[in-house]
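The data block below is target02.csv; it holds CSV, C-alpha atoms.
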```
chain,number,residue,atom,x,y,z
A,1191,ARG,CA,-0.6,-24.6,-6.6
A,1192,ARG,CA,-1.8,-21.2,-7.8
A,1193,VAL,CA,-2.1,-18.2,-5.6
A,1194,GLN,CA,-5.7,-17.0,-5.3
A,1195,VAL,CA,-5.2,-13.6,-6.9
A,1196,SER,CA,-7.3,-13.8,-10.0
A,1197,THR,CA,-9.3,-10.9,-11.2
A,1198,PRO,CA,-12.6,-10.8,-9.2
A,1199,THR,CA,-15.8,-11.7,-11.0
A,1200,HIS,CA,-17.9,-9.1,-9.2
A,1201,HIS,CA,-18.4,-5.7,-10.8
A,1202,HIS,CA,-15.4,-3.8,-9.4
A,1203,LYS,CA,-13.5,-1.4,-11.6
A,1204,SER,CA,-10.5,-3.0,-13.0
A,1205,PRO,CA,-7.2,-1.7,-11.4
A,1206,LEU,CA,-6.0,-1.3,-15.0
A,1207,SER,CA,-8.7,1.3,-15.8
A,1208,HIS,CA,-8.8,2.8,-12.3
A,1209,SER,CA,-7.6,6.4,-12.3
A,1210,ARG,CA,-8.5,9.5,-10.5
A,1211,SER,CA,-7.8,13.1,-11.3
A,1212,ILE,CA,-7.6,16.2,-9.2
A,1213,PRO,CA,-9.0,19.5,-10.5
A,1214,ARG,CA,-6.2,21.6,-12.0
A,1215,SER,CA,-5.8,25.3,-11.5
A,1216,PRO,CA,-6.7,27.3,-14.6
A,1217,PRO,CA,-3.5,27.6,-16.7
A,1218,PHE,CA,-1.7,31.0,-16.9
A,1219,ASN,CA,-1.0,32.6,-20.2
A,1220,ASN,CA,2.2,31.3,-21.5
A,1221,THR,CA,4.1,34.3,-22.9
A,1222,LYS,CA,7.4,32.5,-23.6
A,1223,LYS,CA,8.4,32.0,-27.2
A,1224,ILE,CA,11.1,29.6,-28.5
A,1225,TYR,CA,13.3,30.9,-31.3
A,1226,LYS,CA,15.4,28.7,-33.6
A,1227,MET,CA,18.8,30.1,-34.6
A,1228,SER,CA,20.7,29.0,-37.7
A,1229,PHE,CA,24.5,29.0,-37.9
A,1230,SER,CA,26.7,29.2,-40.8
A,1231,SER,CA,29.1,26.4,-39.9
A,1232,ASP,CA,28.8,22.9,-38.5
A,1233,ALA,CA,31.2,23.8,-35.7
A,1234,SER,CA,29.0,26.6,-34.5
A,1235,SER,CA,25.9,24.3,-34.8
A,1236,ALA,CA,27.6,21.6,-32.7
A,1237,SER,CA,28.6,24.1,-30.1
A,1238,ALA,CA,25.1,25.5,-30.0
A,1239,ALA,CA,23.7,22.0,-29.5
A,1240,VAL,CA,26.0,21.3,-26.6
A,1241,ASP,CA,25.1,24.7,-25.0
A,1242,ALA,CA,21.4,24.0,-25.6
A,1243,ALA,CA,21.7,20.5,-24.0
A,1244,ALA,CA,23.6,22.0,-21.0
A,1245,ALA,CA,21.0,24.7,-20.6
A,1246,ALA,CA,18.1,22.2,-20.8
A,1247,GLN,CA,19.8,20.0,-18.2
A,1248,LYS,CA,20.4,23.1,-16.0
A,1249,LYS,CA,16.8,24.1,-16.4
A,1250,LEU,CA,15.6,20.5,-15.5
A,1251,ASN,CA,17.9,20.5,-12.4
A,1252,LEU,CA,16.4,23.9,-11.4
A,1253,GLU,CA,12.9,22.6,-11.9
A,1254,LYS,CA,13.7,19.5,-9.8
A,1255,ALA,CA,15.0,21.8,-7.0
A,1256,THR,CA,12.0,24.1,-7.1
A,1257,ASN,CA,9.2,21.8,-8.2
A,1258,PHE,CA,9.9,18.1,-8.3
A,1259,MET,CA,6.6,17.2,-9.9
A,1260,LYS,CA,7.1,19.4,-12.9
A,1261,GLN,CA,9.4,16.9,-14.7
A,1262,TYR,CA,6.6,14.4,-14.7
A,1263,ARG,CA,4.1,16.6,-16.6
A,1264,ASP,CA,3.8,17.1,-20.3
A,1265,PRO,CA,5.4,20.5,-21.1
A,1266,HIS,CA,2.5,21.5,-23.3
A,1267,SER,CA,-0.7,20.0,-21.9
A,1268,ARG,CA,0.6,19.8,-18.3
A,1269,GLU,CA,-1.0,16.4,-18.0
A,1270,LEU,CA,0.8,13.9,-15.8
A,1271,LYS,CA,2.9,11.4,-17.8
A,1272,LYS,CA,2.6,7.7,-17.1
A,1273,LEU,CA,5.2,6.9,-14.5
A,1274,SER,CA,7.5,3.8,-14.6
A,1275,ALA,CA,8.0,1.8,-11.4
A,1276,ASN,CA,11.4,3.5,-10.8
A,1277,GLN,CA,9.9,7.0,-11.4
A,1278,PHE,CA,7.1,6.3,-9.0
A,1279,MET,CA,9.7,5.3,-6.4
A,1280,ASP,CA,11.6,8.5,-7.0
A,1281,VAL,CA,8.5,10.6,-6.3
A,1282,TRP,CA,7.7,8.6,-3.2
A,1283,SER,CA,11.3,8.9,-1.9
A,1284,HIS,CA,11.4,12.6,-2.6
A,1285,TYR,CA,8.4,13.5,-0.6
A,1286,ASP,CA,8.6,10.9,2.2
A,1287,LYS,CA,11.7,12.7,3.5
A,1288,ASP,CA,11.9,11.0,6.9
A,1289,GLY,CA,11.3,7.6,5.4
A,1290,ASN,CA,8.6,6.6,7.8
A,1291,GLY,CA,6.2,5.3,5.1
A,1292,TYR,CA,3.9,8.3,5.0
A,1293,ILE,CA,3.7,11.7,3.3
A,1294,GLU,CA,2.4,13.8,6.1
A,1295,GLY,CA,2.6,17.2,7.8
A,1296,THR,CA,5.1,19.6,6.0
A,1297,GLU,CA,5.9,16.8,3.5
A,1298,LEU,CA,2.2,16.7,2.4
A,1299,ASP,CA,2.0,20.5,2.3
A,1300,GLY,CA,5.1,20.5,0.0
A,1301,PHE,CA,3.7,17.8,-2.2
A,1302,LEU,CA,0.3,19.5,-2.6
A,1303,ARG,CA,1.9,22.9,-3.4
A,1304,GLU,CA,4.1,21.3,-6.1
A,1305,PHE,CA,1.5,19.0,-7.5
A,1306,VAL,CA,-1.0,21.9,-8.1
A,1307,SER,CA,1.5,24.6,-9.2
A,1308,SER,CA,3.2,22.1,-11.7
A,1309,ALA,CA,-0.2,21.9,-13.5
A,1310,ASN,CA,0.0,25.5,-14.7
A,1311,THR,CA,1.4,26.1,-18.2
A,1312,ALA,CA,3.3,29.2,-16.9
A,1313,ASP,CA,6.2,28.8,-14.5
A,1314,VAL,CA,4.6,29.3,-11.2
A,1315,SER,CA,6.4,28.6,-8.0
A,1316,PRO,CA,4.9,26.3,-5.3
A,1317,GLU,CA,4.7,29.4,-3.1
A,1318,ALA,CA,2.0,30.8,-5.4
A,1319,VAL,CA,-0.4,28.4,-3.6
A,1320,SER,CA,-1.5,30.5,-0.6
A,1321,ASP,CA,-2.0,29.1,2.9
A,1322,ALA,CA,-5.7,29.5,2.7
A,1323,MET,CA,-5.8,27.7,-0.7
A,1324,LEU,CA,-3.6,25.0,0.7
A,1325,VAL,CA,-6.1,24.3,3.6
A,1326,GLU,CA,-9.0,24.0,1.2
A,1327,LEU,CA,-7.0,22.0,-1.3
A,1328,LYS,CA,-5.8,19.6,1.5
A,1329,GLN,CA,-9.4,19.0,2.6
A,1330,CYS,CA,-10.6,18.1,-0.9
A,1331,PHE,CA,-7.5,16.1,-1.6
A,1332,MET,CA,-7.7,14.0,1.6
A,1333,GLU,CA,-11.4,13.3,1.0
A,1334,ALA,CA,-10.6,11.9,-2.4
A,1335,TYR,CA,-7.4,9.9,-1.7
A,1336,ASP,CA,-7.0,9.3,2.0
A,1337,ASP,CA,-8.9,6.0,2.0
A,1338,ASN,CA,-8.2,5.0,5.6
A,1339,GLN,CA,-8.8,8.6,6.8
A,1340,ASP,CA,-5.6,8.8,8.9
A,1341,GLY,CA,-4.7,12.3,7.7
A,1342,LYS,CA,-1.7,11.2,5.7
A,1343,ILE,CA,-0.9,9.6,2.4
A,1344,ASP,CA,0.6,6.1,2.3
A,1345,ILE,CA,2.2,4.4,-0.6
A,1346,ARG,CA,-1.0,2.7,-1.8
A,1347,GLU,CA,-2.9,5.9,-1.7
A,1348,LEU,CA,-0.2,7.7,-3.8
A,1349,ALA,CA,-0.3,4.9,-6.3
A,1350,GLN,CA,-4.0,5.6,-6.9
A,1351,LEU,CA,-3.3,9.3,-7.5
A,1352,LEU,CA,-0.4,9.1,-10.0
A,1353,PRO,CA,-0.8,7.5,-13.5
A,1354,MET,CA,1.5,4.5,-13.7
A,1355,GLU,CA,2.4,1.6,-16.0
A,1356,GLU,CA,-0.7,-0.6,-16.0
A,1357,ASN,CA,1.1,-3.8,-15.1
A,1358,PHE,CA,2.9,-2.2,-12.2
A,1359,LEU,CA,-0.4,-0.7,-10.9
A,1360,LEU,CA,-1.9,-4.2,-11.1
A,1361,LEU,CA,0.5,-5.4,-8.4
A,1362,PHE,CA,-1.1,-3.2,-5.8
A,1363,ARG,CA,-4.4,-5.2,-6.1
A,1364,PHE,CA,-6.7,-2.2,-5.4
A,1365,ASP,CA,-9.9,-3.9,-6.5
A,1366,ASN,CA,-9.1,-7.4,-5.4
A,1367,PRO,CA,-8.0,-7.6,-1.7
A,1368,LEU,CA,-7.8,-10.9,0.0
A,1369,ASP,CA,-10.9,-12.1,1.8
A,1370,SER,CA,-9.2,-12.6,5.1
A,1371,SER,CA,-5.9,-13.2,7.0
A,1372,VAL,CA,-6.4,-16.9,6.6
A,1373,GLU,CA,-5.9,-16.5,2.8
A,1374,PHE,CA,-2.9,-14.3,3.5
A,1375,MET,CA,-1.2,-16.9,5.7
A,1376,LYS,CA,-1.8,-19.6,3.0
A,1377,ILE,CA,0.0,-17.4,0.5
A,1378,TRP,CA,2.7,-16.6,2.9
A,1379,ARG,CA,3.4,-20.3,3.5
A,1380,GLU,CA,3.4,-20.9,-0.3
A,1381,TYR,CA,5.9,-18.2,-1.2
A,1382,ASP,CA,8.2,-18.4,1.9
A,1383,THR,CA,9.7,-21.5,0.2
A,1384,ASP,CA,12.8,-21.8,2.4
A,1385,GLY,CA,10.7,-21.4,5.6
A,1386,SER,CA,13.0,-18.5,6.8
A,1387,GLY,CA,10.1,-16.4,8.1
A,1388,TYR,CA,10.7,-13.8,5.4
A,1389,ILE,CA,9.8,-13.2,1.8
A,1390,GLU,CA,13.2,-12.6,0.1
A,1391,ALA,CA,13.8,-11.0,-3.3
A,1392,ASP,CA,13.6,-14.2,-5.4
A,1393,GLU,CA,10.4,-15.3,-3.5
A,1394,LEU,CA,8.8,-11.9,-4.0
A,1395,LYS,CA,9.7,-12.0,-7.7
A,1396,ASN,CA,7.9,-15.4,-8.0
A,1397,PHE,CA,4.9,-14.0,-6.2
A,1398,LEU,CA,4.7,-11.0,-8.5
A,1399,ARG,CA,5.2,-13.3,-11.6
A,1400,ASP,CA,2.2,-15.4,-10.5
A,1401,LEU,CA,0.1,-12.3,-9.9
A,1402,LEU,CA,0.8,-11.2,-13.5
A,1403,LYS,CA,0.1,-14.7,-14.8
A,1404,GLU,CA,-3.2,-14.8,-13.1
A,1405,ALA,CA,-4.1,-11.5,-14.7
A,1406,LYS,CA,-2.9,-12.9,-18.1
A,1407,LYS,CA,-0.3,-10.1,-18.3
A,1408,ILE,CA,3.0,-12.0,-17.8
A,1409,ASN,CA,3.7,-12.1,-21.6
A,1410,ASP,CA,3.7,-8.3,-21.6
A,1411,VAL,CA,6.4,-8.1,-18.9
A,1412,SER,CA,10.1,-8.9,-19.6
A,1413,GLU,CA,12.4,-10.5,-17.1
A,1414,ASP,CA,14.2,-7.2,-16.7
A,1415,LYS,CA,10.9,-5.4,-16.1
A,1416,LEU,CA,9.9,-8.0,-13.5
A,1417,ILE,CA,13.2,-7.5,-11.7
A,1418,GLU,CA,12.5,-3.7,-11.7
A,1419,TYR,CA,9.0,-4.3,-10.3
A,1420,THR,CA,10.5,-6.6,-7.6
A,1421,ASP,CA,13.2,-4.1,-6.7
A,1422,THR,CA,10.6,-1.3,-6.5
A,1423,MET,CA,8.2,-3.2,-4.4
A,1424,LEU,CA,11.0,-4.1,-2.0
A,1425,GLN,CA,12.1,-0.5,-1.7
A,1426,VAL,CA,8.5,0.6,-1.1
A,1427,PHE,CA,7.4,-2.0,1.5
A,1428,ASP,CA,10.6,-3.0,3.2
A,1429,SER,CA,10.2,-0.5,6.0
A,1430,ASN,CA,13.3,-1.6,8.1
A,1431,LYS,CA,15.5,-1.8,5.0
A,1432,ASP,CA,16.8,-5.3,5.6
A,1433,GLY,CA,16.4,-6.4,2.0
A,1434,LYS,CA,13.4,-8.7,2.6
A,1435,LEU,CA,9.8,-8.6,3.7
A,1436,GLN,CA,8.7,-9.6,7.2
A,1437,LEU,CA,5.0,-10.5,7.9
A,1438,SER,CA,3.8,-6.9,8.7
A,1439,GLU,CA,5.5,-5.5,5.6
A,1440,MET,CA,4.0,-8.2,3.3
A,1441,ALA,CA,0.6,-7.5,4.9
A,1442,LYS,CA,0.8,-3.9,3.5
A,1443,LEU,CA,1.7,-5.2,0.1
A,1444,LEU,CA,-1.1,-7.8,0.2
A,1445,PRO,CA,-4.0,-6.3,2.2
A,1446,VAL,CA,-7.1,-8.1,3.4
A,1447,LYS,CA,-10.6,-6.7,3.1
A,1448,GLU,CA,-10.9,-6.4,6.9
A,1449,ASN,CA,-9.6,-7.5,10.2
A,1450,PHE,CA,-12.6,-9.3,11.6
A,1451,LEU,CA,-11.5,-8.5,15.2
A,1452,CYS,CA,-11.9,-4.7,14.5
A,1453,ARG,CA,-15.7,-5.1,14.1
A,1454,GLN,CA,-17.8,-2.9,16.3
A,1455,VAL,CA,-19.0,-5.8,18.5
A,1456,PHE,CA,-15.5,-5.8,20.1
A,1457,LYS,CA,-15.6,-2.1,20.9
A,1458,GLY,CA,-17.5,-0.2,23.5
A,1459,ALA,CA,-19.9,-1.6,26.0
A,1460,THR,CA,-22.0,-3.9,23.8
A,1461,LYS,CA,-22.0,-7.4,25.2
A,1462,LEU,CA,-20.8,-10.3,23.2
A,1463,THR,CA,-23.5,-12.8,22.3
A,1464,LYS,CA,-23.3,-16.5,21.4
A,1465,ASP,CA,-24.2,-15.5,17.8
A,1466,ASP,CA,-21.3,-13.0,17.7
A,1467,ILE,CA,-18.9,-15.7,18.7
A,1468,GLU,CA,-20.3,-18.3,16.3
A,1469,ARG,CA,-20.0,-15.7,13.5
A,1470,VAL,CA,-16.3,-15.1,14.2
A,1471,PHE,CA,-15.6,-18.8,14.5
A,1472,SER,CA,-17.1,-19.5,11.1
A,1473,LEU,CA,-15.0,-16.6,9.6
A,1474,TYR,CA,-11.8,-18.4,10.6
A,1475,ASP,CA,-12.9,-22.0,10.4
A,1476,ARG,CA,-12.7,-22.0,6.6
A,1477,ASP,CA,-12.9,-25.7,6.1
A,1478,ASN,CA,-15.8,-26.1,8.6
A,1479,ASN,CA,-14.2,-28.9,10.5
A,1480,GLY,CA,-15.0,-27.5,13.9
A,1481,THR,CA,-11.6,-26.2,14.9
A,1482,ILE,CA,-9.4,-23.3,14.0
A,1483,GLU,CA,-6.0,-24.7,13.0
A,1484,ASN,CA,-2.9,-24.3,10.9
A,1485,GLU,CA,-3.3,-21.2,8.5
A,1486,GLU,CA,-6.7,-20.6,10.0
A,1487,LEU,CA,-5.1,-20.3,13.5
A,1488,ARG,CA,-2.3,-18.1,12.2
A,1489,GLY,CA,-4.7,-15.9,10.3
A,1490,PHE,CA,-6.7,-15.4,13.5
A,1491,LEU,CA,-3.5,-14.7,15.5
A,1492,LYS,CA,-2.3,-12.3,12.9
A,1493,ASP,CA,-5.5,-10.3,13.2
A,1494,LEU,CA,-5.2,-10.4,17.0
A,1495,LEU,CA,-1.5,-9.4,16.9
A,1496,GLU,CA,-2.2,-6.4,14.6
A,1497,LEU,CA,-4.5,-4.9,17.3
A,1498,VAL,CA,-1.5,-4.5,19.6
A,1499,LYS,CA,1.6,-4.4,17.4
A,1500,LYS,CA,2.3,-2.4,14.2
A,1501,ASP,CA,5.5,-4.1,13.1
A,1502,TYR,CA,5.8,-7.8,13.5
A,1503,ASP,CA,7.6,-10.8,12.0
A,1504,ALA,CA,7.1,-14.6,11.9
A,1505,ASP,CA,9.0,-15.0,15.2
A,1506,ASP,CA,6.5,-12.5,16.9
A,1507,LEU,CA,3.6,-14.5,15.5
A,1508,GLN,CA,5.1,-17.8,16.7
A,1509,ASP,CA,5.7,-16.4,20.2
A,1510,PHE,CA,2.2,-15.0,20.3
A,1511,GLU,CA,0.8,-18.4,19.2
A,1512,GLU,CA,2.6,-20.2,22.0
A,1513,THR,CA,1.4,-17.6,24.6
A,1514,ILE,CA,-2.2,-17.7,23.5
A,1515,LEU,CA,-2.3,-21.5,23.3
A,1516,ARG,CA,-0.6,-21.8,26.7
A,1517,GLY,CA,-3.5,-19.8,28.1
A,1518,VAL,CA,-6.5,-21.4,26.5
A,1519,ASP,CA,-5.6,-24.7,24.8
A,1520,TYR,CA,-6.6,-26.9,27.7
A,1521,ASN,CA,-6.7,-30.1,25.6
A,1522,ASP,CA,-3.2,-29.3,24.2
A,1523,ASP,CA,-4.1,-30.1,20.6
A,1524,GLY,CA,-2.6,-27.0,19.0
A,1525,LYS,CA,-6.0,-25.9,17.8
A,1526,ILE,CA,-8.8,-23.6,19.0
A,1527,ASN,CA,-12.3,-24.9,19.4
A,1528,ARG,CA,-15.5,-22.8,20.1
A,1529,LYS,CA,-15.0,-22.8,23.9
A,1530,GLU,CA,-11.4,-21.7,23.6
A,1531,LEU,CA,-12.3,-19.0,21.1
A,1532,THR,CA,-15.0,-17.7,23.4
A,1533,MET,CA,-12.4,-17.2,26.2
A,1534,ILE,CA,-10.1,-15.2,23.9
A,1535,LEU,CA,-12.9,-13.0,22.5
A,1536,LEU,CA,-14.4,-12.3,26.0
A,1537,ALA,CA,-10.9,-11.2,27.1
A,1538,LEU,CA,-10.5,-9.0,24.0
A,1539,ALA,CA,-13.9,-7.3,24.6
A,1540,LYS,CA,-13.1,-6.8,28.3
A,1541,HIS,CA,-9.7,-5.3,27.4
A,1542,ASN,CA,-11.3,-2.9,24.9
A,1543,GLN,CA,-13.9,-1.8,27.4
A,1544,GLU,CA,-11.2,-1.1,30.0
A,1545,ASP,CA,-9.3,1.0,27.5
A,1546,ASP,CA,-12.5,3.0,26.7
A,1547,SER,CA,-13.1,3.6,30.4
A,1548,ALA,CA,-9.6,4.8,30.9
A,1549,ALA,CA,-9.8,7.1,27.9
A,1550,LYS,CA,-13.0,8.7,29.2
A,1551,LYS,CA,-11.5,9.4,32.6
A,1552,GLU,CA,-8.6,11.2,31.0
```
Would you kindly transcribe this structure into structure tokens?
Amino acid sequence: RRVQVSTPTHHHKSPLSHSRSIPRSPPFNNTKKIYKMSFSSDASSASAAVDAAAAAQKKLNLEKATNFMKQYRDPHSRELKKLSANQFMDVWSHYDKDGNGYIEGTELDGFLREFVSSANTADVSPEAVSDAMLVELKQCFMEAYDDNQDGKIDIRELAQLLPMEENFLLLFRFDNPLDSSVEFMKIWREYDTDGSGYIEADELKNFLRDLLKEAKKINDVSEDKLIEYTDTMLQVFDSNKDGKLQLSEMAKLLPVKENFLCRQVFKGATKLTKDDIERVFSLYDRDNNGTIENEELRGFLKDLLELVKKDYDADDLQDFEETILRGVDYNDDGKINRKELTMILLALAKHNQEDDSAAKKE
């Protein structure tokens, strides 16, 4: 079987051509000149070369310490160079200092100061970006790149900002998210080949290989490069650092267009209608056989679980399935029919209304 990850036929921008740029500050006059010295003997030339290499390394280390982004810009044009998977990971790890999966607060301030000041042709320290300029810059920057508008930068948002190897960027699937969590659960079952409830390194490598095959790019990627991609993706998305991806971690790597249960109809005081329930049922009953079962059921439960739990694994989903079915599956067939779905959705809407009422009282 092939994973449904082919390039979409609708007129999205290809992720390979997708790039954004942020306005750069006007370059300062570069007054530094480089002089070449000649020496009369080979020995003095060799000594000078060693000294020059040491000086260059010292300068690079100093630049890293004062402005980490400077090393990734062309020294003459100050354009960002194309980053490898490993370099992208280095940037992410440097700025996500607390390792919580976001660049936020003082981390974000530091990144923005260094990102902008590194664009100048003269050596300007990040402190040259004033607090007032930073406030304005942050507002413009977040409007452009903070896709989910949560006030912080996550790994996928950073990947849209920095120029990267085209094949590595392709793995983020920016312009081709899955239609629903039902498709996600089908892919999960396909690649969790040992049924462990996790996507381990070899399984992840197989998934990434198939992604590249679907995009007709696999011939451009060596086995060593595929291993590098796999290792980087593990480092990026393995939040609890156990060396494998649990369900919620894989869900960040392989996003869906929407969680159907986050639609407005389930929020506020609007009353659920029969049409609303029928619409939701059809979204999950992908084979139109009149019941929500197997991957359809697990896709529905994944969406439901995400409303209450940020980090979850296959065991959490299994426990949740047993709890839900114990409450509504009166005919004990391990599936959900329209009547049973209605009970769940009414309970969800009631819960959300109670939360809204409590929030207003506070």
- request: Counting only C-alpha atoms, figure out which residue out of A:Ala1322, A:Ala1309, A:Val1281, A:Leu1327 gets nearest to Met1354 of chain A.
  value: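 Comparing A:Ala1322, A:Ala1309, A:Val1281, A:Leu1327 against Met1354 of chain A, the winner is A:Val1281.
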statement: Of A:Phe1358, A:Tyr1520, A:Tyr1285, A:Phe1450, the one sitting nearest Lys1415 of chain A when using all atoms listed in the file is A:Phe1358
Nearest to Trp1282 of chain A by atom-to-atom distance, counting only C-alpha atoms, from A:Val1426, A:Leu1302, A:Leu1324, A:Val1455: A:Val1426
- prompt: Looking at all atoms listed in the file, which of A:Thr1422, A:Gln1339, A:Thr1296, A:Asn1310 is the one that sits closest to Ser1274 of chain A?
  reply: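 That would be A:Thr1422, the residue with the smallest distance to Ser1274 of chain A.
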task: May I have the residues within 6 Å of Gly1489 of chain A as an MDAnalysis selection string, using only C-alpha atoms and disregarding those fewer than 4 positions away in the same chain?
output: chainID A and resid 1371:1372 1375 1485
task: Please indicate the distance in Å from atom CA of Leu1536 of chain A to atom CA of Cys1452 of chain A, rounded to one decimal place.
output: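 If I compute the distance from atom CA of Leu1536 of chain A to atom CA of Cys1452 of chain A, I get 14.0 Å.
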message: Let me make sure I understand: among A:Leu1394, A:Val1306, A:Leu1352, A:Leu1444, which one has the smallest atom-to-atom distance to Glu1373 of chain A if we use only C-alpha atoms?
response: A:Leu1444
- prompt: Using only C-alpha atoms, can you list as a list in words the residues within 12 Å of (-12.8, -29.5, 15.4)?
  reply: Phe1471, Ser1472, Asp1475, Arg1476, Asp1477, Asn1478, Asn1479, Gly1480, Thr1481, Ile1482, Glu1483, Asn1521, Asp1523, Gly1524, Lys1525, Ile1526, Asn1527, Arg1528, Lys1529, Glu1530 and Leu1531 of chain A
Closest of A:Asp1299, A:Asp1286, A:Glu1486, A:Glu1304 to Gln1261 of chain A - atom-to-atom distances counting only C-alpha atoms: A:Glu1304
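If you look at atom CA of Glu1380 of chain A and atom CA of Glu1347 of chain A, they are 27.6 Å away from each other.
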Output requested as a PDB file, in the coordinates of the input - segment 1369-1385 of chain A, filled out with N, CA, C and O atoms.
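Below is the file out.pdb, written as the result:
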```pdb
ATOM      1  N   ASP A1369      -9.761 -12.005   0.993  1.00  0.00           N
ATOM      2  CA  ASP A1369     -10.900 -12.100   1.800  1.00  0.00           C
ATOM      3  C   ASP A1369     -10.594 -11.958   3.327  1.00  0.00           C
ATOM      4  O   ASP A1369     -11.319 -11.339   4.097  1.00  0.00           O
ATOM      5  N   SER A1370      -9.496 -12.608   3.726  1.00  0.00           N
ATOM      6  CA  SER A1370      -9.200 -12.600   5.100  1.00  0.00           C
ATOM      7  C   SER A1370      -7.692 -12.927   5.361  1.00  0.00           C
ATOM      8  O   SER A1370      -6.971 -13.285   4.426  1.00  0.00           O
ATOM      9  N   SER A1371      -7.266 -12.837   6.609  1.00  0.00           N
ATOM     10  CA  SER A1371      -5.900 -13.200   7.000  1.00  0.00           C
ATOM     11  C   SER A1371      -5.588 -14.643   6.839  1.00  0.00           C
ATOM     12  O   SER A1371      -4.421 -15.036   6.785  1.00  0.00           O
ATOM     13  N   VAL A1372      -6.625 -15.470   6.810  1.00  0.00           N
ATOM     14  CA  VAL A1372      -6.400 -16.900   6.600  1.00  0.00           C
ATOM     15  C   VAL A1372      -5.816 -17.113   5.188  1.00  0.00           C
ATOM     16  O   VAL A1372      -4.832 -17.839   5.009  1.00  0.00           O
ATOM     17  N   GLU A1373      -6.430 -16.443   4.180  1.00  0.00           N
ATOM     18  CA  GLU A1373      -5.900 -16.500   2.800  1.00  0.00           C
ATOM     19  C   GLU A1373      -4.470 -15.947   2.772  1.00  0.00           C
ATOM     20  O   GLU A1373      -3.598 -16.480   2.076  1.00  0.00           O
ATOM     21  N   PHE A1374      -4.251 -14.857   3.506  1.00  0.00           N
ATOM     22  CA  PHE A1374      -2.900 -14.300   3.500  1.00  0.00           C
ATOM     23  C   PHE A1374      -1.892 -15.261   4.029  1.00  0.00           C
ATOM     24  O   PHE A1374      -0.815 -15.406   3.439  1.00  0.00           O
ATOM     25  N   MET A1375      -2.194 -15.962   5.122  1.00  0.00           N
ATOM     26  CA  MET A1375      -1.200 -16.900   5.700  1.00  0.00           C
ATOM     27  C   MET A1375      -0.979 -18.094   4.777  1.00  0.00           C
ATOM     28  O   MET A1375       0.136 -18.643   4.750  1.00  0.00           O
ATOM     29  N   LYS A1376      -1.983 -18.480   4.006  1.00  0.00           N
ATOM     30  CA  LYS A1376      -1.800 -19.600   3.000  1.00  0.00           C
ATOM     31  C   LYS A1376      -0.795 -19.128   1.948  1.00  0.00           C
ATOM     32  O   LYS A1376       0.091 -19.891   1.535  1.00  0.00           O
ATOM     33  N   ILE A1377      -0.954 -17.890   1.486  1.00  0.00           N
ATOM     34  CA  ILE A1377       0.000 -17.400   0.500  1.00  0.00           C
ATOM     35  C   ILE A1377       1.357 -17.196   1.047  1.00  0.00           C
ATOM     36  O   ILE A1377       2.359 -17.509   0.392  1.00  0.00           O
ATOM     37  N   TRP A1378       1.433 -16.712   2.275  1.00  0.00           N
ATOM     38  CA  TRP A1378       2.700 -16.600   2.900  1.00  0.00           C
ATOM     39  C   TRP A1378       3.474 -17.888   2.985  1.00  0.00           C
ATOM     40  O   TRP A1378       4.646 -17.970   2.639  1.00  0.00           O
ATOM     41  N   ARG A1379       2.776 -18.944   3.387  1.00  0.00           N
ATOM     42  CA  ARG A1379       3.400 -20.300   3.500  1.00  0.00           C
ATOM     43  C   ARG A1379       3.869 -20.742   2.103  1.00  0.00           C
ATOM     44  O   ARG A1379       4.930 -21.352   1.957  1.00  0.00           O
ATOM     45  N   GLU A1380       3.063 -20.450   1.087  1.00  0.00           N
ATOM     46  CA  GLU A1380       3.400 -20.900  -0.300  1.00  0.00           C
ATOM     47  C   GLU A1380       4.648 -20.250  -0.818  1.00  0.00           C
ATOM     48  O   GLU A1380       5.457 -20.899  -1.492  1.00  0.00           O
ATOM     49  N   TYR A1381       4.828 -18.961  -0.543  1.00  0.00           N
ATOM     50  CA  TYR A1381       5.900 -18.200  -1.200  1.00  0.00           C
ATOM     51  C   TYR A1381       7.178 -18.110  -0.273  1.00  0.00           C
ATOM     52  O   TYR A1381       8.262 -17.818  -0.780  1.00  0.00           O
ATOM     53  N   ASP A1382       7.039 -18.342   1.019  1.00  0.00           N
ATOM     54  CA  ASP A1382       8.200 -18.400   1.900  1.00  0.00           C
ATOM     55  C   ASP A1382       8.770 -19.849   1.739  1.00  0.00           C
ATOM     56  O   ASP A1382       8.704 -20.675   2.649  1.00  0.00           O
ATOM     57  N   THR A1383       9.337 -20.112   0.563  1.00  0.00           N
ATOM     58  CA  THR A1383       9.700 -21.500   0.200  1.00  0.00           C
ATOM     59  C   THR A1383      10.795 -22.080   1.042  1.00  0.00           C
ATOM     60  O   THR A1383      10.861 -23.297   1.226  1.00  0.00           O
ATOM     61  N   ASP A1384      11.689 -21.238   1.565  1.00  0.00           N
ATOM     62  CA  ASP A1384      12.800 -21.800   2.400  1.00  0.00           C
ATOM     63  C   ASP A1384      12.408 -21.780   3.884  1.00  0.00           C
ATOM     64  O   ASP A1384      13.215 -22.173   4.723  1.00  0.00           O
ATOM     65  N   GLY A1385      11.192 -21.349   4.210  1.00  0.00           N
ATOM     66  CA  GLY A1385      10.700 -21.400   5.600  1.00  0.00           C
ATOM     67  C   GLY A1385      11.534 -20.463   6.522  1.00  0.00           C
ATOM     68  O   GLY A1385      11.594 -20.687   7.731  1.00  0.00           O
TER      69      GLY A1385
END
```
